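Undergrad: Quick one: the structure is below, and I'll ask about it shortly.
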Amino acid sequence: MITNQGIENKLRSLHMPEVDVHDRVMQSLATIEPSRKRSNVPLQFAIGAVIAITVLLVSGYTVFSSITLFNEQGVSTLTLRPFDQANPPSYTSEERELALASILSGEAVALFRRSGNPDQIMTAIENPVIIGNWDSLRHAAGPVFRLPIELSGLVSFLQGSVQHRVGVPDLAELKKLSDEHGGQLATTKVAVLPQATGVTIRASLEGAEVSALISESIWFKTLYTDLLADSDIRVIQVNEIEGLVRKVADHVVLNWSSSASQGGLFYQISTEAKTPDAEQKLIHFLNSLIPR
(Lines give C-alpha, C1' and ligand atoms only; values in the text may rest on other atoms or scores of the structure.)
Protein backbone atom coordinates (compact mmCIF):
# COMPACT_ATOMS: atom_id res chain seq x y z
CA MET A 1 0.00 0.00 0.00
CA ILE A 2 1.15 3.54 -0.74
CA THR A 3 -0.42 6.52 1.00
CA ASN A 4 0.05 10.22 0.32
CA GLN A 5 -0.55 12.42 3.34
CA GLY A 6 0.21 16.02 4.14
CA ILE A 7 -3.06 17.78 3.36
CA GLU A 8 -4.88 16.98 6.59
CA ASN A 9 -4.70 20.45 8.17
CA LYS A 10 -6.00 22.14 5.03
CA LEU A 11 -8.85 19.70 4.52
CA ARG A 12 -10.31 19.34 7.99
CA SER A 13 -12.17 22.64 7.67
CA LEU A 14 -13.70 21.88 4.28
CA HIS A 15 -17.34 21.00 3.76
CA MET A 16 -17.99 17.27 3.28
CA PRO A 17 -21.06 16.70 1.10
CA GLU A 18 -22.96 13.43 1.20
CA VAL A 19 -22.80 11.42 -2.00
CA ASP A 20 -23.14 7.84 -3.21
CA VAL A 21 -19.63 6.57 -3.88
CA HIS A 22 -20.97 3.97 -6.28
CA ASP A 23 -22.42 6.75 -8.40
CA ARG A 24 -19.04 8.52 -8.49
CA VAL A 25 -17.15 5.40 -9.47
CA MET A 26 -19.64 4.51 -12.17
CA GLN A 27 -18.88 7.79 -13.91
CA SER A 28 -15.58 6.24 -14.94
CA LEU A 29 -17.39 3.16 -16.21
CA ALA A 30 -19.61 5.06 -18.61
CA THR A 31 -17.33 7.87 -19.77
CA ILE A 32 -17.48 8.00 -23.55
CA GLU A 33 -13.68 7.76 -23.79
CA PRO A 34 -12.50 6.19 -20.50
CA SER A 35 -8.78 6.47 -21.30
CA ARG A 36 -8.87 10.26 -21.60
CA LYS A 37 -8.57 12.71 -18.72
CA ARG A 38 -11.75 14.26 -17.50
CA SER A 39 -10.72 17.77 -18.58
CA ASN A 40 -10.48 16.60 -22.18
CA VAL A 41 -13.93 15.00 -22.30
CA PRO A 42 -16.77 17.45 -23.04
CA LEU A 43 -19.52 15.02 -22.11
CA GLN A 44 -19.29 12.49 -19.34
CA PHE A 45 -22.09 10.01 -18.89
CA ALA A 46 -22.47 8.20 -15.58
CA ILE A 47 -24.44 5.08 -14.72
CA GLY A 48 -25.40 4.83 -11.06
CA ALA A 49 -27.32 1.70 -10.11
CA VAL A 50 -29.38 2.77 -7.12
CA ILE A 51 -30.98 -0.06 -5.17
CA ALA A 52 -31.81 -0.73 -1.56
CA ILE A 53 -28.62 -2.63 -0.78
CA THR A 54 -26.22 -0.05 -2.17
CA VAL A 55 -24.31 1.55 0.72
CA LEU A 56 -24.25 5.36 0.82
CA LEU A 57 -20.97 6.76 2.03
CA VAL A 58 -20.32 10.21 3.48
CA SER A 59 -17.94 11.69 0.95
CA GLY A 60 -15.88 14.79 0.39
CA TYR A 61 -12.24 15.68 1.01
CA THR A 62 -9.89 13.40 2.83
CA VAL A 63 -6.90 13.15 5.15
CA PHE A 64 -5.10 11.12 2.48
CA SER A 65 -4.42 12.48 -0.99
CA SER A 66 -4.47 8.85 -2.15
CA ILE A 67 -4.23 5.22 -1.09
CA THR A 68 -3.04 2.68 -3.65
CA LEU A 69 -3.44 -1.09 -3.33
CA PHE A 70 -1.39 -3.75 -5.16
CA ASN A 71 -1.68 -7.35 -6.31
CA GLU A 72 0.78 -10.20 -5.85
CA GLN A 73 2.90 -8.99 -8.80
CA GLY A 74 3.23 -5.51 -7.35
CA VAL A 75 0.83 -4.01 -9.91
CA SER A 76 -1.64 -1.44 -8.59
CA THR A 77 -5.23 -2.67 -8.46
CA LEU A 78 -7.14 0.23 -6.90
CA THR A 79 -6.51 3.84 -5.88
CA LEU A 80 -8.76 5.73 -3.46
CA ARG A 81 -8.72 9.52 -3.87
CA PRO A 82 -10.57 12.48 -2.35
CA PHE A 83 -13.09 14.59 -4.20
CA ASP A 84 -11.55 17.78 -5.56
CA GLN A 85 -12.34 20.52 -8.05
CA ALA A 86 -11.60 18.22 -10.98
CA ASN A 87 -13.71 15.39 -9.54
CA PRO A 88 -16.51 16.88 -7.41
CA PRO A 89 -19.57 15.00 -6.14
CA SER A 90 -22.37 14.87 -8.68
CA TYR A 91 -25.94 14.27 -7.49
CA THR A 92 -27.26 13.76 -3.98
CA SER A 93 -29.03 10.65 -2.71
CA GLU A 94 -32.23 12.69 -2.36
CA GLU A 95 -32.07 13.73 -6.02
CA ARG A 96 -31.50 10.16 -7.13
CA GLU A 97 -34.37 8.89 -5.00
CA LEU A 98 -36.67 11.51 -6.52
CA ALA A 99 -35.62 10.44 -10.01
CA LEU A 100 -36.11 6.77 -9.15
CA ALA A 101 -39.65 7.48 -8.01
CA SER A 102 -40.49 8.50 -11.56
CA ILE A 103 -39.60 5.12 -13.14
CA LEU A 104 -40.47 1.45 -12.78
CA SER A 105 -38.18 -1.49 -12.02
CA GLY A 106 -36.16 -2.33 -15.11
CA GLU A 107 -36.19 1.26 -16.36
CA ALA A 108 -33.52 3.98 -16.22
CA VAL A 109 -33.56 7.76 -15.94
CA ALA A 110 -30.91 10.40 -16.70
CA LEU A 111 -30.25 13.33 -14.36
CA PHE A 112 -28.75 16.64 -15.44
CA ARG A 113 -28.32 20.05 -13.85
CA ARG A 114 -27.05 23.04 -15.84
CA SER A 115 -26.32 25.21 -12.79
CA GLY A 116 -22.96 24.51 -11.11
CA ASN A 117 -22.14 21.78 -13.62
CA PRO A 118 -19.44 23.17 -15.96
CA ASP A 119 -18.40 19.71 -17.18
CA GLN A 120 -22.01 18.85 -18.14
CA ILE A 121 -21.97 15.63 -16.13
CA MET A 122 -25.02 13.42 -16.48
CA THR A 123 -25.91 10.46 -14.29
CA ALA A 124 -28.16 7.66 -15.52
CA ILE A 125 -29.81 5.67 -12.76
CA GLU A 126 -31.18 2.22 -13.37
CA ASN A 127 -33.94 0.94 -11.12
CA PRO A 128 -33.04 -2.74 -11.44
CA VAL A 129 -35.30 -5.73 -11.24
CA ILE A 130 -34.82 -7.58 -7.94
CA ILE A 131 -34.03 -11.28 -8.40
CA GLY A 132 -34.77 -13.70 -5.58
CA ASN A 133 -33.30 -16.92 -7.03
CA TRP A 134 -29.54 -17.58 -7.14
CA ASP A 135 -29.60 -19.56 -10.40
CA SER A 136 -31.63 -16.81 -12.06
CA LEU A 137 -29.14 -14.19 -10.88
CA ARG A 138 -26.21 -16.25 -12.19
CA HIS A 139 -27.88 -16.56 -15.58
CA ALA A 140 -28.71 -12.84 -15.73
CA ALA A 141 -25.17 -11.83 -14.71
CA GLY A 142 -23.64 -13.79 -17.58
CA PRO A 143 -20.12 -15.17 -18.07
CA VAL A 144 -18.23 -11.95 -17.27
CA PHE A 145 -19.04 -12.13 -13.56
CA ARG A 146 -18.71 -15.91 -13.24
CA LEU A 147 -20.83 -16.24 -10.12
CA PRO A 148 -20.27 -19.61 -8.40
CA ILE A 149 -22.77 -22.42 -8.89
CA GLU A 150 -23.53 -22.20 -5.20
CA LEU A 151 -22.44 -20.04 -2.29
CA SER A 152 -20.57 -21.20 0.80
CA GLY A 153 -22.69 -23.27 3.15
CA LEU A 154 -22.53 -20.45 5.70
CA VAL A 155 -23.96 -17.93 3.23
CA SER A 156 -27.69 -17.76 2.48
CA PHE A 157 -28.68 -15.78 -0.62
CA LEU A 158 -31.47 -13.26 -0.06
CA GLN A 159 -31.76 -11.26 -3.28
CA GLY A 160 -29.77 -9.52 -5.95
CA SER A 161 -29.89 -7.57 -9.18
CA VAL A 162 -27.94 -6.95 -12.37
CA GLN A 163 -26.99 -3.48 -13.57
CA HIS A 164 -26.90 -2.78 -17.29
CA ARG A 165 -25.43 -0.29 -19.69
CA VAL A 166 -27.96 2.32 -20.70
CA GLY A 167 -28.51 4.38 -23.82
CA VAL A 168 -27.11 7.90 -24.18
CA PRO A 169 -29.83 10.46 -23.40
CA ASP A 170 -30.57 13.58 -25.42
CA LEU A 171 -28.29 16.16 -23.80
CA ALA A 172 -29.88 19.04 -25.72
CA GLU A 173 -33.30 18.10 -24.37
CA LEU A 174 -31.95 17.82 -20.81
CA LYS A 175 -30.28 21.23 -21.10
CA LYS A 176 -33.55 22.72 -22.29
CA LEU A 177 -35.51 21.14 -19.43
CA SER A 178 -32.95 22.33 -16.89
CA ASP A 179 -33.00 25.87 -18.30
CA GLU A 180 -36.79 25.89 -18.00
CA HIS A 181 -36.34 25.20 -14.27
CA GLY A 182 -33.72 27.88 -13.66
CA GLY A 183 -30.78 25.58 -14.28
CA GLN A 184 -31.93 23.06 -11.68
CA LEU A 185 -32.33 19.30 -11.94
CA ALA A 186 -33.93 17.83 -15.06
CA THR A 187 -34.66 14.15 -15.78
CA THR A 188 -35.59 12.03 -18.77
CA LYS A 189 -35.99 8.29 -19.34
CA VAL A 190 -33.25 6.40 -21.16
CA ALA A 191 -33.13 2.93 -22.69
CA VAL A 192 -31.72 -0.02 -20.73
CA LEU A 193 -29.38 -2.10 -22.91
CA PRO A 194 -28.71 -5.87 -22.56
CA GLN A 195 -25.04 -5.63 -21.56
CA ALA A 196 -24.49 -6.32 -17.86
CA THR A 197 -22.15 -3.88 -16.10
CA GLY A 198 -22.46 -4.99 -12.50
CA VAL A 199 -24.08 -7.33 -10.01
CA THR A 200 -25.36 -6.64 -6.51
CA ILE A 201 -25.97 -9.38 -3.98
CA ARG A 202 -27.60 -9.35 -0.57
CA ALA A 203 -27.09 -12.37 1.68
CA SER A 204 -27.10 -13.60 5.26
CA LEU A 205 -23.95 -14.95 6.92
CA GLU A 206 -24.29 -16.49 10.37
CA GLY A 207 -27.24 -14.22 11.10
CA ALA A 208 -25.61 -11.04 9.80
CA GLU A 209 -26.65 -9.29 6.59
CA VAL A 210 -23.87 -8.78 4.04
CA SER A 211 -23.99 -7.18 0.61
CA ALA A 212 -21.74 -7.07 -2.42
CA LEU A 213 -21.29 -4.89 -5.48
CA ILE A 214 -19.30 -6.57 -8.28
CA SER A 215 -18.11 -4.96 -11.50
CA GLU A 216 -15.24 -5.30 -13.95
CA SER A 217 -12.13 -3.90 -12.24
CA ILE A 218 -10.92 -2.18 -15.42
CA TRP A 219 -13.58 0.48 -14.76
CA PHE A 220 -12.81 0.69 -11.04
CA LYS A 221 -9.17 1.76 -10.98
CA THR A 222 -9.98 4.91 -8.98
CA LEU A 223 -12.55 5.20 -6.20
CA TYR A 224 -13.47 8.70 -5.01
CA THR A 225 -14.49 8.72 -1.35
CA ASP A 226 -13.82 10.45 1.96
CA LEU A 227 -11.24 8.69 4.09
CA LEU A 228 -11.40 11.51 6.66
CA ALA A 229 -14.91 10.39 7.60
CA ASP A 230 -13.78 6.76 7.83
CA SER A 231 -12.12 5.06 10.76
CA ASP A 232 -10.26 1.82 11.47
CA ILE A 233 -8.72 1.85 7.99
CA ARG A 234 -6.71 -1.34 7.45
CA VAL A 235 -4.97 -3.01 4.53
CA ILE A 236 -5.48 -6.77 4.42
CA GLN A 237 -4.39 -9.58 2.09
CA VAL A 238 -6.92 -11.76 0.28
CA ASN A 239 -5.31 -14.34 -2.02
CA GLU A 240 -2.06 -12.33 -1.91
CA ILE A 241 -3.86 -9.21 -3.19
CA GLU A 242 -4.29 -6.11 -1.05
CA GLY A 243 -7.75 -5.00 0.01
CA LEU A 244 -8.88 -2.07 2.14
CA VAL A 245 -11.22 -2.43 5.11
CA ARG A 246 -12.83 0.76 6.44
CA LYS A 247 -15.52 1.69 8.91
CA VAL A 248 -17.80 4.00 6.93
CA ALA A 249 -20.54 5.60 9.04
CA ASP A 250 -22.38 2.60 10.52
CA HIS A 251 -20.99 0.04 8.05
CA VAL A 252 -17.73 -1.84 7.56
CA VAL A 253 -16.68 -1.90 3.90
CA LEU A 254 -14.10 -4.06 2.11
CA ASN A 255 -12.80 -3.00 -1.34
CA TRP A 256 -10.80 -5.55 -3.33
CA SER A 257 -10.00 -6.39 -6.96
CA SER A 258 -9.29 -9.91 -8.22
CA SER A 259 -6.48 -11.01 -10.50
CA ALA A 260 -7.02 -11.50 -14.24
CA SER A 261 -7.13 -15.27 -13.74
CA GLN A 262 -10.05 -14.79 -11.33
CA GLY A 263 -11.99 -12.57 -13.71
CA GLY A 264 -10.42 -9.16 -13.06
CA LEU A 265 -13.39 -8.05 -10.98
CA PHE A 266 -13.91 -5.23 -8.47
CA TYR A 267 -15.71 -6.10 -5.22
CA GLN A 268 -17.24 -3.84 -2.59
CA ILE A 269 -18.43 -5.96 0.33
CA SER A 270 -20.21 -4.43 3.33
CA THR A 271 -22.02 -5.21 6.54
CA GLU A 272 -23.24 -3.26 9.55
CA ALA A 273 -20.50 -2.09 11.93
CA LYS A 274 -22.27 -3.76 14.85
CA THR A 275 -21.86 -7.18 13.20
CA PRO A 276 -19.67 -9.48 15.35
CA ASP A 277 -16.39 -10.36 13.60
CA ALA A 278 -17.41 -8.07 10.73
CA GLU A 279 -14.06 -8.17 8.92
CA GLN A 280 -13.91 -11.97 8.98
CA LYS A 281 -17.44 -12.17 7.62
CA LEU A 282 -16.62 -9.77 4.79
CA ILE A 283 -13.59 -11.84 3.82
CA HIS A 284 -15.60 -15.08 3.97
CA PHE A 285 -18.35 -13.60 1.78
CA LEU A 286 -15.77 -12.28 -0.68
CA ASN A 287 -14.07 -15.67 -0.94
CA SER A 288 -17.41 -17.33 -1.60
CA LEU A 289 -17.94 -15.05 -4.62
CA ILE A 290 -14.46 -15.22 -6.21
CA PRO A 291 -14.44 -17.45 -9.33
CA ARG A 292 -12.42 -20.67 -8.89
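Residue numbering restarts at 1 for every chain of the C-alpha coordinates, chains are lettered A, B, ... in their displayed order, and ligands are numbered from 1 as they appear.
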Using only C-alpha atoms, which residues sit within 7 Å of range 70-80 of chain A once same-chain residues fewer than 4 positions away are excluded, as a list in words?
TA: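 Residues meeting the cut-off are Met1, Ser66, Lys221, Thr222, Leu223, Tyr224, Thr225, Glu240, Ile241, Glu242 and Ser257 of chain A.
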Undergrad: Can you pull out the residues contacting Leu151 in chain A? Cut-off 9 Å, using only C-alpha atoms, and skip same-chain residues under 6 positions away; I want them as a list in words.
TA: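 The residues that qualify are Trp134, Phe157, Phe285, Ser288 and Leu289 of chain A.
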Undergrad: Restricting the calculation to only C-alpha atoms: of A:Trp256, A:Val238, A:Lys175, A:Gly207, which residue gets closest to Asp277 in chain A?
TA: A:Gly207
Undergrad: In Å, with one decimal, what is the gap from CA of Ala196 in chain A to CA of Ala141 in chain A?
TA: 6.4 Å
Undergrad: Calculated over only C-alpha atoms, which of the candidates A:Leu244, A:Thr123, A:Ala203, A:Arg292 has the smallest distance to Val166 in chain A?
TA: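 Counting only C-alpha atoms, the residue closest to Val166 in chain A is A:Thr123.
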Undergrad: Taking 3 positions as the minimum chain separation for residues in the same chain, which residues sit within 7 Å of Gly243 in chain A when counting only C-alpha atoms? Answer as a PyMOL selection string.
TA: chain A and resi 69+235-238+254-256
Undergrad: DSSP on the backbone, then: every residue of range 115-291 of chain A marked alpha helix (DSSP H), written as a PyMOL selection string.
TA: chain A and resi 134-141+171-180+278-289
